[in-house]
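Listing of protein_10.cif; format and content: mmCIF, C-alpha atoms.
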data_run
loop_
_atom_site.label_atom_id
_atom_site.label_comp_id
_atom_site.auth_asym_id
_atom_site.auth_seq_id
_atom_site.Cartn_x
_atom_site.Cartn_y
_atom_site.Cartn_z
CA MET A 215 -221.42 94.81 66.35
CA LYS A 216 -220.81 94.15 62.63
CA HIS A 217 -219.02 96.20 60.00
CA PHE A 218 -219.48 95.62 56.27
CA LEU A 219 -217.65 97.13 53.34
CA VAL A 220 -220.12 97.62 50.50
CA TRP A 221 -219.37 98.71 46.93
CA SER A 222 -221.19 99.19 43.67
CA PRO A 223 -221.00 96.41 41.10
CA VAL A 224 -218.94 96.49 37.91
CA THR A 225 -220.72 95.02 34.89
CA VAL A 226 -218.86 93.45 31.99
CA PRO A 227 -221.26 91.92 29.45
CA GLY A 228 -220.84 88.17 29.22
CA ALA A 229 -218.16 88.00 31.91
CA ALA A 230 -218.18 86.94 35.56
CA VAL A 231 -216.71 89.78 37.60
CA LYS A 232 -214.95 88.85 40.82
CA TYR A 233 -213.93 91.21 43.62
CA SER A 234 -211.09 91.18 46.15
CA VAL A 235 -210.80 93.21 49.35
CA GLU A 236 -207.72 94.24 51.35
CA PHE A 237 -207.29 96.27 54.55
CA GLN A 238 -204.53 98.29 56.17
CA GLY A 239 -204.44 99.48 59.76
CA GLU A 240 -202.36 102.26 61.22
CA TYR A 241 -199.84 99.62 62.33
CA GLU A 242 -199.30 98.52 58.73
CA ARG A 243 -198.79 102.12 57.65
CA ASP A 244 -196.43 103.10 60.49
CA TYR A 245 -194.52 99.87 61.19
CA ALA A 246 -194.98 97.45 58.29
CA ASN A 247 -193.97 99.35 55.16
CA ASP A 248 -197.47 100.48 54.25
CA SER A 249 -198.42 96.86 53.60
CA TRP A 250 -201.94 95.68 52.75
CA ILE A 251 -203.53 92.48 53.97
CA PRO A 252 -206.02 90.50 51.87
CA ILE A 253 -209.24 89.31 53.50
CA GLY A 254 -209.35 85.66 52.58
CA GLU A 255 -213.11 85.33 52.66
CA CYS A 256 -213.45 88.33 50.34
CA THR A 257 -210.91 87.30 47.71
CA GLY A 258 -212.39 86.42 44.31
CA ILE A 259 -216.02 86.88 45.39
CA SER A 260 -218.96 87.86 43.22
CA VAL A 261 -221.07 89.63 45.87
CA THR A 262 -220.50 93.33 46.47
CA GLN A 263 -220.08 93.31 50.23
CA CYS A 264 -217.54 91.99 52.73
CA ASP A 265 -217.74 91.47 56.50
CA ILE A 266 -214.70 93.33 57.82
CA THR A 267 -215.68 93.24 61.52
CA GLU A 268 -212.85 91.04 62.72
CA ASP A 269 -210.18 92.86 60.73
CA ILE A 270 -210.88 96.44 61.80
CA SER A 271 -211.43 95.70 65.47
CA ALA A 272 -208.82 98.05 66.95
CA THR A 273 -209.67 101.69 67.60
CA VAL A 274 -207.22 103.05 65.01
CA PRO A 275 -207.85 104.47 61.52
CA TYR A 276 -208.06 101.80 58.81
CA ASP A 277 -207.94 102.00 55.06
CA LEU A 278 -209.79 99.52 52.85
CA ARG A 279 -209.61 98.80 49.15
CA VAL A 280 -211.45 96.64 46.62
CA ARG A 281 -210.81 95.80 43.00
CA ALA A 282 -212.69 93.96 40.27
CA GLY A 283 -211.27 91.17 38.16
CA VAL A 284 -212.28 89.24 35.07
CA GLY A 285 -210.05 86.28 34.40
CA THR A 286 -206.46 87.52 34.69
CA GLN A 287 -207.42 91.15 34.23
CA ALA A 288 -207.84 93.32 37.30
CA SER A 289 -208.99 96.89 37.78
CA HIS A 290 -207.15 99.51 39.77
CA TRP A 291 -207.83 99.49 43.49
CA ALA A 292 -210.66 101.62 44.76
CA THR A 293 -209.88 102.89 48.26
CA LEU A 294 -211.85 104.75 50.93
CA SER A 295 -212.11 108.49 50.56
CA SER A 296 -211.03 108.79 54.20
CA PHE A 297 -209.82 106.35 56.84
CA PHE A 298 -212.38 104.53 58.94
CA ASN A 299 -212.09 104.17 62.71
CA ARG A 300 -214.74 102.04 64.40
CA VAL A 301 -215.15 104.63 67.16
CA THR A 302 -217.14 106.63 64.61
CA THR A 303 -219.70 103.84 64.23
CA SER A 304 -223.32 104.97 64.46
CA LEU A 305 -225.40 102.35 66.23
CA ILE A 306 -228.99 101.90 65.13
CA PRO A 307 -231.75 101.82 67.77
CA PRO A 308 -232.56 98.30 69.00
CA MET A 309 -235.75 96.49 68.08
CA LEU A 310 -237.80 95.40 71.06
CA THR A 311 -241.20 93.92 71.78
CA VAL A 312 -243.07 95.08 74.86
CA THR A 313 -245.96 92.99 76.21
CA ALA A 314 -248.19 92.96 79.26
CA ASP A 315 -248.75 89.49 80.68
CA GLY A 316 -251.37 90.09 83.32
CA TYR A 317 -249.60 92.46 85.72
CA HIS A 318 -246.15 91.71 84.34
CA LEU A 319 -244.28 94.10 82.08
CA LEU A 320 -242.19 92.01 79.69
CA VAL A 321 -239.60 93.04 77.08
CA GLU A 322 -238.05 90.98 74.31
CA LEU A 323 -234.83 92.21 72.70
CA GLU A 324 -233.05 91.26 69.52
CA ARG A 325 -229.75 89.40 69.81
CA LEU A 326 -226.82 91.58 68.84
CA GLY A 327 -223.87 89.68 70.23
CA PRO A 328 -221.51 90.01 73.22
CA ALA A 329 -220.31 93.53 72.45
CA PHE A 330 -223.73 95.06 73.18
CA GLU A 331 -225.40 96.31 76.33
CA PHE A 332 -229.06 97.37 76.37
CA TRP A 333 -230.27 100.31 78.44
CA ILE A 334 -234.01 99.93 78.95
CA TYR A 335 -236.12 102.77 80.36
CA TYR A 336 -239.72 102.40 81.58
CA TRP A 337 -242.24 104.59 83.32
CA LYS A 338 -245.93 104.90 84.09
CA LYS A 339 -247.62 106.80 81.29
CA GLY A 340 -248.08 110.39 82.35
CA GLN A 341 -245.32 110.16 84.94
CA GLY A 342 -242.39 110.77 82.61
CA HIS A 343 -240.50 112.44 85.43
CA LYS A 344 -240.12 109.10 87.21
CA VAL A 345 -238.21 106.85 84.82
CA TYR A 346 -236.62 103.56 85.81
CA ARG A 347 -233.64 102.08 83.99
CA LYS A 348 -232.34 98.51 83.62
CA VAL A 349 -228.99 97.62 82.04
CA VAL A 350 -229.01 94.26 80.32
CA LYS A 351 -226.12 92.40 78.73
CA ASP A 352 -227.78 89.12 77.87
CA SER A 353 -230.62 89.65 75.44
CA SER A 354 -231.36 86.00 74.81
CA THR A 355 -234.32 85.72 77.17
CA THR A 356 -237.53 87.65 77.72
CA LEU A 357 -237.02 90.24 80.44
CA HIS A 358 -239.39 90.82 83.32
CA MET A 359 -239.14 94.55 83.86
CA ASP A 360 -241.61 95.05 86.69
CA THR A 361 -244.95 94.13 88.21
CA MET A 362 -247.49 96.72 87.07
CA GLU A 363 -250.34 98.32 88.93
CA ALA A 364 -253.76 97.08 87.79
CA GLY A 365 -255.18 98.86 84.74
CA THR A 366 -252.17 101.17 84.50
CA GLU A 367 -250.36 101.93 81.25
CA TYR A 368 -246.59 101.65 81.18
CA CYS A 369 -244.21 102.87 78.47
CA VAL A 370 -240.81 101.51 77.47
CA LYS A 371 -237.92 102.63 75.27
CA ALA A 372 -234.36 101.31 74.88
CA GLN A 373 -230.96 102.11 73.45
CA THR A 374 -227.81 100.02 72.89
CA TYR A 375 -224.32 100.74 74.19
CA VAL A 376 -220.97 99.27 73.04
CA GLU A 377 -218.25 99.72 75.66
CA ALA A 378 -215.38 98.92 73.27
CA ILE A 379 -216.12 102.04 71.23
CA ASN A 380 -217.97 103.95 73.98
CA ARG A 381 -220.92 104.67 71.71
CA SER A 382 -224.65 104.38 72.25
CA SER A 383 -227.55 104.33 69.81
CA ASN A 384 -230.55 106.64 69.64
CA PHE A 385 -233.65 105.52 71.53
CA SER A 386 -236.05 103.02 70.05
CA GLN A 387 -239.67 103.96 69.48
CA VAL A 388 -241.65 104.25 72.74
CA GLN A 389 -244.03 101.35 73.25
CA CYS A 390 -246.83 101.41 75.86
CA VAL A 391 -248.93 98.54 77.23
CA ARG A 392 -251.70 98.34 79.86
CA ALA A 393 -251.86 95.96 82.80
CA GLU A 394 -255.04 93.95 83.18
CA GLY A 395 -257.69 94.84 85.72
CA LYS A 396 -259.19 98.17 86.77
CA ALA A 397 -257.02 101.13 87.72
CA ILE A 398 -257.42 102.21 91.36
CA LEU A 399 -258.06 106.00 91.23
CA SER B 1155 -214.02 93.70 78.39
CA LEU B 1156 -212.33 97.13 78.58
CA LYS B 1157 -209.58 97.01 81.17
CA GLN B 1158 -208.71 100.44 82.63
CA LEU B 1159 -205.01 100.74 83.47
CA HIS B 1160 -204.02 103.56 85.80
CA PHE B 1161 -200.55 105.10 85.64
CA GLY B 1162 -200.45 107.99 88.03
CA HIS B 1163 -202.97 110.48 86.62
CA CYS B 1164 -203.29 108.66 83.32
CA MET B 1165 -205.84 106.06 82.48
CA VAL B 1166 -205.41 103.80 79.47
CA SER B 1167 -208.16 101.46 78.28
CA VAL B 1168 -207.19 98.06 76.95
CA ASP B 1169 -209.74 95.96 75.05
CA MET B 1170 -208.85 92.65 76.67
CA TYR B 1171 -211.57 90.76 74.76
CA GLU B 1172 -210.07 91.79 71.41
CA MET B 1173 -206.54 90.98 72.49
CA ARG B 1174 -207.38 87.61 74.05
CA LYS B 1175 -209.57 86.64 71.09
CA GLY B 1176 -206.97 87.68 68.54
CA PHE B 1177 -204.16 85.86 70.33
CA GLY B 1178 -206.25 82.84 71.23
CA ASP B 1179 -206.83 82.16 67.54
CA ILE B 1180 -203.10 81.87 66.79
CA LYS B 1181 -201.63 80.86 70.15
CA GLU B 1182 -201.27 77.14 69.51
CA MET B 1183 -199.72 77.53 66.09
CA THR B 1184 -197.36 80.27 67.28
CA GLN B 1185 -196.19 78.44 70.40
CA SER B 1186 -195.66 75.24 68.41
CA GLN B 1187 -193.17 77.11 66.21
CA ASP B 1188 -191.04 78.16 69.20
CA GLN B 1189 -187.65 76.47 68.79
CA HIS B 1190 -186.03 77.95 71.91
CA THR B 1191 -188.19 76.56 74.69
CA SER B 1192 -185.37 76.96 77.24
CA ILE B 1193 -185.40 80.73 76.81
CA ARG B 1194 -188.06 82.87 78.46
CA LEU B 1195 -188.48 86.58 77.68
CA LEU B 1196 -191.27 87.68 80.02
CA HIS B 1197 -190.29 86.42 83.45
CA GLY B 1198 -192.84 86.37 86.23
CA SER B 1199 -190.34 88.10 88.52
CA HIS B 1200 -190.17 91.00 86.07
CA SER B 1201 -193.89 91.24 85.65
CA LEU B 1202 -195.71 94.49 85.17
CA GLN B 1203 -197.64 94.11 88.38
CA ASN B 1204 -194.44 93.47 90.36
CA THR B 1205 -192.86 96.62 88.92
CA LYS B 1206 -192.85 99.65 91.22
CA SER B 1207 -195.83 101.83 90.36
CA GLU B 1208 -193.68 104.81 89.41
CA ASP B 1209 -191.83 102.60 86.91
CA ARG B 1210 -194.83 100.77 85.56
CA CYS B 1211 -195.93 103.37 83.01
CA CYS B 1212 -192.53 103.49 81.38
CA PHE B 1213 -191.97 99.74 81.51
CA PHE B 1214 -195.35 99.17 79.89
CA HIS B 1215 -194.48 101.75 77.25
CA TYR B 1216 -191.24 99.89 76.57
CA LEU B 1217 -193.08 96.60 76.19
CA LEU B 1218 -195.59 98.08 73.73
CA LYS B 1219 -192.82 99.57 71.60
CA PHE B 1220 -190.84 96.33 71.83
CA TYR B 1221 -193.72 94.34 70.36
CA LEU B 1222 -194.57 96.96 67.74
CA VAL B 1223 -191.00 97.40 66.50
CA ASN B 1224 -189.39 94.00 67.03
CA VAL B 1225 -192.12 91.38 67.03
CA PHE B 1226 -195.27 91.84 64.95
CA ASN B 1227 -193.58 92.72 61.67
CA GLN B 1228 -191.52 89.52 61.90
CA CYS B 1229 -194.67 87.43 62.21
CA THR B 1230 -196.57 88.44 59.12
CA GLU B 1231 -195.83 85.43 56.97
CA GLY B 1232 -197.91 82.32 57.37
CA ASN B 1233 -201.47 81.95 56.20
CA ASN B 1234 -203.88 84.81 55.69
CA PHE B 1235 -205.75 84.03 58.89
CA HIS B 1236 -202.56 84.27 60.94
CA GLN B 1237 -201.58 87.50 59.21
CA ARG B 1238 -204.94 89.09 59.98
CA ARG B 1239 -204.86 88.07 63.62
CA VAL B 1240 -201.34 89.50 64.07
CA SER B 1241 -202.59 92.70 62.44
CA ARG B 1242 -205.53 92.82 64.84
CA ILE B 1243 -203.28 92.50 67.88
CA ALA B 1244 -200.70 94.91 66.49
CA ASN B 1245 -203.27 97.61 65.79
CA ASN B 1246 -204.72 97.16 69.28
CA PHE B 1247 -201.20 97.58 70.71
CA LEU B 1248 -200.78 100.74 68.65
CA SER B 1249 -204.09 102.09 69.90
CA ILE B 1250 -202.93 101.55 73.51
CA LYS B 1251 -199.52 103.06 72.83
CA LYS B 1252 -201.13 106.18 71.34
CA GLU B 1253 -203.27 106.59 74.44
CA LEU B 1254 -200.24 106.07 76.66
CA THR B 1255 -198.21 108.54 74.64
CA LEU B 1256 -200.87 111.14 75.32
CA CYS B 1257 -200.40 110.35 79.00
CA ASP B 1258 -196.65 110.62 78.62
CA THR B 1259 -196.88 114.20 77.51
CA VAL B 1260 -199.49 115.09 80.08
CA THR B 1261 -197.73 113.56 83.06
CA THR B 1262 -194.21 112.40 83.60
CA CYS B 1263 -193.86 108.76 82.69
CA SER B 1264 -190.45 108.57 84.20
CA CYS B 1265 -188.13 105.74 83.34
CA GLY B 1266 -186.44 104.69 86.54
CA LYS B 1267 -183.48 102.37 86.89
CA GLU B 1268 -185.67 99.34 87.53
CA ALA B 1269 -187.74 99.79 84.34
CA ASN B 1270 -184.56 100.19 82.30
CA GLN B 1271 -182.95 97.13 83.86
CA ARG B 1272 -185.99 94.95 83.28
CA TYR B 1273 -186.27 96.06 79.70
CA GLU B 1274 -182.55 95.45 79.14
CA GLN B 1275 -182.92 91.88 80.37
CA ILE B 1276 -185.79 91.23 77.97
CA LEU B 1277 -183.79 92.68 75.08
CA ASN B 1278 -180.70 90.63 75.98
CA GLN B 1279 -182.72 87.44 75.98
CA PHE B 1280 -184.34 88.46 72.69
CA GLN B 1281 -181.00 89.10 71.05
CA ARG B 1282 -179.68 85.65 71.95
CA MET B 1283 -181.86 84.32 69.10
CA ASP B 1284 -182.18 85.16 65.42
CA SER B 1285 -184.78 87.90 64.94
CA HIS B 1286 -187.49 85.68 63.46
CA SER B 1287 -187.25 82.96 66.10
CA ALA B 1288 -187.12 85.61 68.82
CA ALA B 1289 -190.23 87.30 67.41
CA VAL B 1290 -192.11 84.00 67.28
CA LYS B 1291 -191.16 83.38 70.94
CA ALA B 1292 -192.24 86.87 72.00
CA LEU B 1293 -195.54 86.49 70.17
CA GLY B 1294 -196.03 83.11 71.83
CA GLU B 1295 -195.51 84.75 75.24
CA LEU B 1296 -198.20 87.36 74.60
CA ASP B 1297 -200.59 85.62 76.98
CA ILE B 1298 -198.08 86.28 79.77
CA LEU B 1299 -198.17 89.98 78.97
CA LEU B 1300 -201.96 89.93 78.78
CA ASP B 1301 -202.04 88.27 82.20
CA TRP B 1302 -199.71 90.98 83.52
CA ILE B 1303 -202.07 93.62 82.18
CA ASP B 1304 -205.05 91.88 83.71
CA LYS B 1305 -203.36 91.75 87.12
CA THR B 1306 -202.23 95.35 87.09
#
Same coordinates, now as structure tokens:
Amino acid sequence: MKHFLVWSPVTVPGAAVKYSVEFQGEYERDYANDSWIPIGECTGISVTQCDITEDISATVPYDLRVRAGVGTQASHWATLSSFFNRVTTSLIPPMLTVTADGYHLLVELERLGPAFEFWIYYWKKGQGHKVYRKVVKDSSTTLHMDTMEAGTEYCVKAQTYVEAINRSSNFSQVQCVRAEGKAIL
Amino acid sequence: SLKQLHFGHCMVSVDMYEMRKGFGDIKEMTQSQDQHTSIRLLHGSHSLQNTKSEDRCCFFHYLLKFYLVNVFNQCTEGNNFHQRRVSRIANNFLSIKKELTLCDTVTTCSCGKEANQRYEQILNQFQRMDSHSAAVKALGELDILLDWIDKT
């Protein structure tokens, strides 16, 4: 799970604008004199985004600020309009590739890192009332979901879940594939 | 990676992965700065898991407040990386304390004699040192507390 702070660029003709980012958690506000902590990797940078994942990893409200600088001159700080708490993160549906290899229903997932679980649902097309679910933590290998009946079409969809913030994504698009051979009617 | 701690009716979730990762990144440097190696704050005999269950909630609450008030804010100098990791742990502690405080109001988190005695002993040891050295020691002993939490 990644979190990025993104901001709009400041343009000063003929000058190289650099940006610096700082963060402040609830601890800094309540116990450490409202102090701010610079993010080393995002100090004096020219891109307009910063990976803040590691610095906002507690489930408390954080404030973030960024300012622009040209030489020794620096702008005022721009801060968030409201605090950010990672429990409000909206997860995007996972990308997956569903294939039929003979009678085998296979699923390939994207790698999202250790924080993610994948909930994968599959069913025989037309039998949406009978859905099977697999929970997968390791998405590094192709998954064998099931052995399919000959000539039968199976459909698959998936969502992600992050336990640390107790949030899940919407479902991915449904993908259907057909097993080889002739269906037995 | 979420550890569920049960105190009577309350349940508090602790993100052990975050805490271990945050501390693991600064453990060596922190422990190498400990100048009072003969003093130990978190004794195994006083561990959380060896505390009577009715005292555990309060003792744990004491420990969280102890770290938030006495330890983390004394450990913010040092390089930016160290500062950010201390912040990460401190904000995780605060998140747990807030959850526990909710519990406290919902159920009685009584502070029995044993919890008070144990906490007193930790404070007495802490006050034998200057505040910065004591804070560095307490931060260095965080893995002991994390082990206590894991075993509870």
Residues selected by the PyMOL selection byres ((chain A) within 6 of (chain B)), written as a PDB file with C-alpha atoms, in the frame of the given file:
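In the end it all went to out_7.pdb:
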ATOM      1  CA  TYR A 241    -199.840  99.620  62.330  1.00  0.00           C
ATOM      2  CA  ALA A 246    -194.980  97.450  58.290  1.00  0.00           C
ATOM      3  CA  ALA A 272    -208.820  98.050  66.950  1.00  0.00           C
ATOM      4  CA  VAL A 274    -207.220 103.050  65.010  1.00  0.00           C
TER       5      VAL A 274
END
Revision key, fill the gap. re CA of Leu1293 in chain B and CA of Tyr1221 in chain B: distance 8.1 Å
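The residues caught by the PyMOL selection byres ((chain B and resi 1203) around 8) in this file are Ser1201, Leu1202, Asn1204, Thr1205, Lys1206, Arg1210, Trp1302, Ile1303, Lys1305 and Thr1306 of chain B.
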Check your understanding: What lies within 9 Å of Val220 in chain A using only C-alpha atoms, ignoring chain neighbours under 4 positions off, as a PyMOL selection string?
Key -> chain A and resi 262-265
Would you mind listing what lies within 7 Å of range 365-374 of chain A as a PDB file with C-alpha atoms, keeping the file's coordinate frame, with only C-alpha atoms counted and same-chain residues fewer than 5 positions away left out?
ATOM      1  CA  PRO A 307    -231.750 101.820  67.770  1.00  0.00           C
ATOM      2  CA  PRO A 308    -232.560  98.300  69.000  1.00  0.00           C
ATOM      3  CA  PHE A 330    -223.730  95.060  73.180  1.00  0.00           C
ATOM      4  CA  GLU A 331    -225.400  96.310  76.330  1.00  0.00           C
ATOM      5  CA  PHE A 332    -229.060  97.370  76.370  1.00  0.00           C
ATOM      6  CA  TRP A 333    -230.270 100.310  78.440  1.00  0.00           C
ATOM      7  CA  ILE A 334    -234.010  99.930  78.950  1.00  0.00           C
ATOM      8  CA  TYR A 335    -236.120 102.770  80.360  1.00  0.00           C
ATOM      9  CA  TYR A 336    -239.720 102.400  81.580  1.00  0.00           C
ATOM     10  CA  TRP A 337    -242.240 104.590  83.320  1.00  0.00           C
ATOM     11  CA  LYS A 338    -245.930 104.900  84.090  1.00  0.00           C
ATOM     12  CA  LYS A 339    -247.620 106.800  81.290  1.00  0.00           C
ATOM     13  CA  SER A 382    -224.650 104.380  72.250  1.00  0.00           C
ATOM     14  CA  SER A 383    -227.550 104.330  69.810  1.00  0.00           C
ATOM     15  CA  ASN A 384    -230.550 106.640  69.640  1.00  0.00           C
ATOM     16  CA  PHE A 385    -233.650 105.520  71.530  1.00  0.00           C
ATOM     17  CA  SER A 386    -236.050 103.020  70.050  1.00  0.00           C
ATOM     18  CA  GLN A 387    -239.670 103.960  69.480  1.00  0.00           C
ATOM     19  CA  VAL A 388    -241.650 104.250  72.740  1.00  0.00           C
ATOM     20  CA  GLN A 389    -244.030 101.350  73.250  1.00  0.00           C
ATOM     21  CA  CYS A 390    -246.830 101.410  75.860  1.00  0.00           C
ATOM     22  CA  VAL A 391    -248.930  98.540  77.230  1.00  0.00           C
ATOM     23  CA  ARG A 392    -251.700  98.340  79.860  1.00  0.00           C
ATOM     24  CA  ALA A 393    -251.860  95.960  82.800  1.00  0.00           C
ATOM     25  CA  GLU A 394    -255.040  93.950  83.180  1.00  0.00           C
ATOM     26  CA  GLY A 395    -257.690  94.840  85.720  1.00  0.00           C
ATOM     27  CA  LYS A 396    -259.190  98.170  86.770  1.00  0.00           C
ATOM     28  CA  ALA A 397    -257.020 101.130  87.720  1.00  0.00           C
TER      29      ALA A 397
END
Practice item. For Thr293 in chain A, list every protein, DNA or RNA residue within 9 Å, evaluated using all atoms listed in the file, and leave out those in the same chain fewer than 4 positions away; present the list as a list in words. Key: Asp277, Leu278, Arg279, Val280 and Arg281 of chain A
Practice item. Could you give me, as an MDAnalysis selection string, the residues within 8 Å of range 1212-1220 of chain B, counting all atoms listed in the file and dropping anything in the same chain fewer than 6 positions from it? Key: chainID B and resid 1202 1247:1248 1251 1254 1263:1265 1269:1270 1272:1273
Review point. Within 7 Å of Met362 in chain A, counting all atoms listed in the file, which residues qualify if same-chain residues fewer than 2 places away don't, as a ChimeraX atom specification?
Key: /A:317-319,360,364,366,393
File dump, residues just selected, C-alpha atoms, as an mmCIF file, keeping the file's coordinate frame:
data_model
loop_
_atom_site.group_PDB
_atom_site.id
_atom_site.type_symbol
_atom_site.label_atom_id
_atom_site.label_comp_id
_atom_site.auth_asym_id
_atom_site.auth_seq_id
_atom_site.Cartn_x
_atom_site.Cartn_y
_atom_site.Cartn_z
ATOM 1 C CA TYR A 317 -249.600 92.460 85.720
ATOM 2 C CA HIS A 318 -246.150 91.710 84.340
ATOM 3 C CA LEU A 319 -244.280 94.100 82.080
ATOM 4 C CA ASP A 360 -241.610 95.050 86.690
ATOM 5 C CA ALA A 364 -253.760 97.080 87.790
ATOM 6 C CA THR A 366 -252.170 101.170 84.500
ATOM 7 C CA ALA A 393 -251.860 95.960 82.800
#
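Here CA of Val345 in chain A stands at a distance of 16.2 Å from CA of Leu320 in chain A.
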Review point. Distance CA of Asp1209 in chain B-CA of Glu1268 in chain B, one decimal place?
Key: 7.0 Å
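Across A:Gln341, A:Tyr375, A:Leu357, A:Ile270, the tightest approach to Arg300 in chain A is made by A:Ile270 when counting all atoms listed in the file.
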Centre and edges of the range 1187-1190 of chain B box, axis-aligned, 6 Å extra per side, as AutoDock Vina command-line options:
--center_x -189.6 --center_y 77.3 --center_z 69.1 --size_x 19.1 --size_y 13.7 --size_z 17.7
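The closest residue to Asp248 in chain A, picked from A:Thr361, A:Thr356, A:Tyr276, A:Val350 and counting all atoms listed in the file, is A:Tyr276.
Evaluating the PyMOL selection byres ((chain A and resi 250) around 8) against the shown model yields A:Glu236, A:Phe237, A:Gln238, A:Glu242, A:Asp248, A:Ser249, A:Ile251, A:Pro252.
With all atoms listed in the file as the atoms that count, the minimum distance from Thr302 in chain A to the choices A:Ile379, A:Val226, A:Met359, A:Leu326 is reached by A:Ile379.
Closest approach to Thr257 in chain A among A:Ser289, A:Asp269, A:Glu240, A:Tyr233: A:Tyr233, based on only C-alpha atoms.
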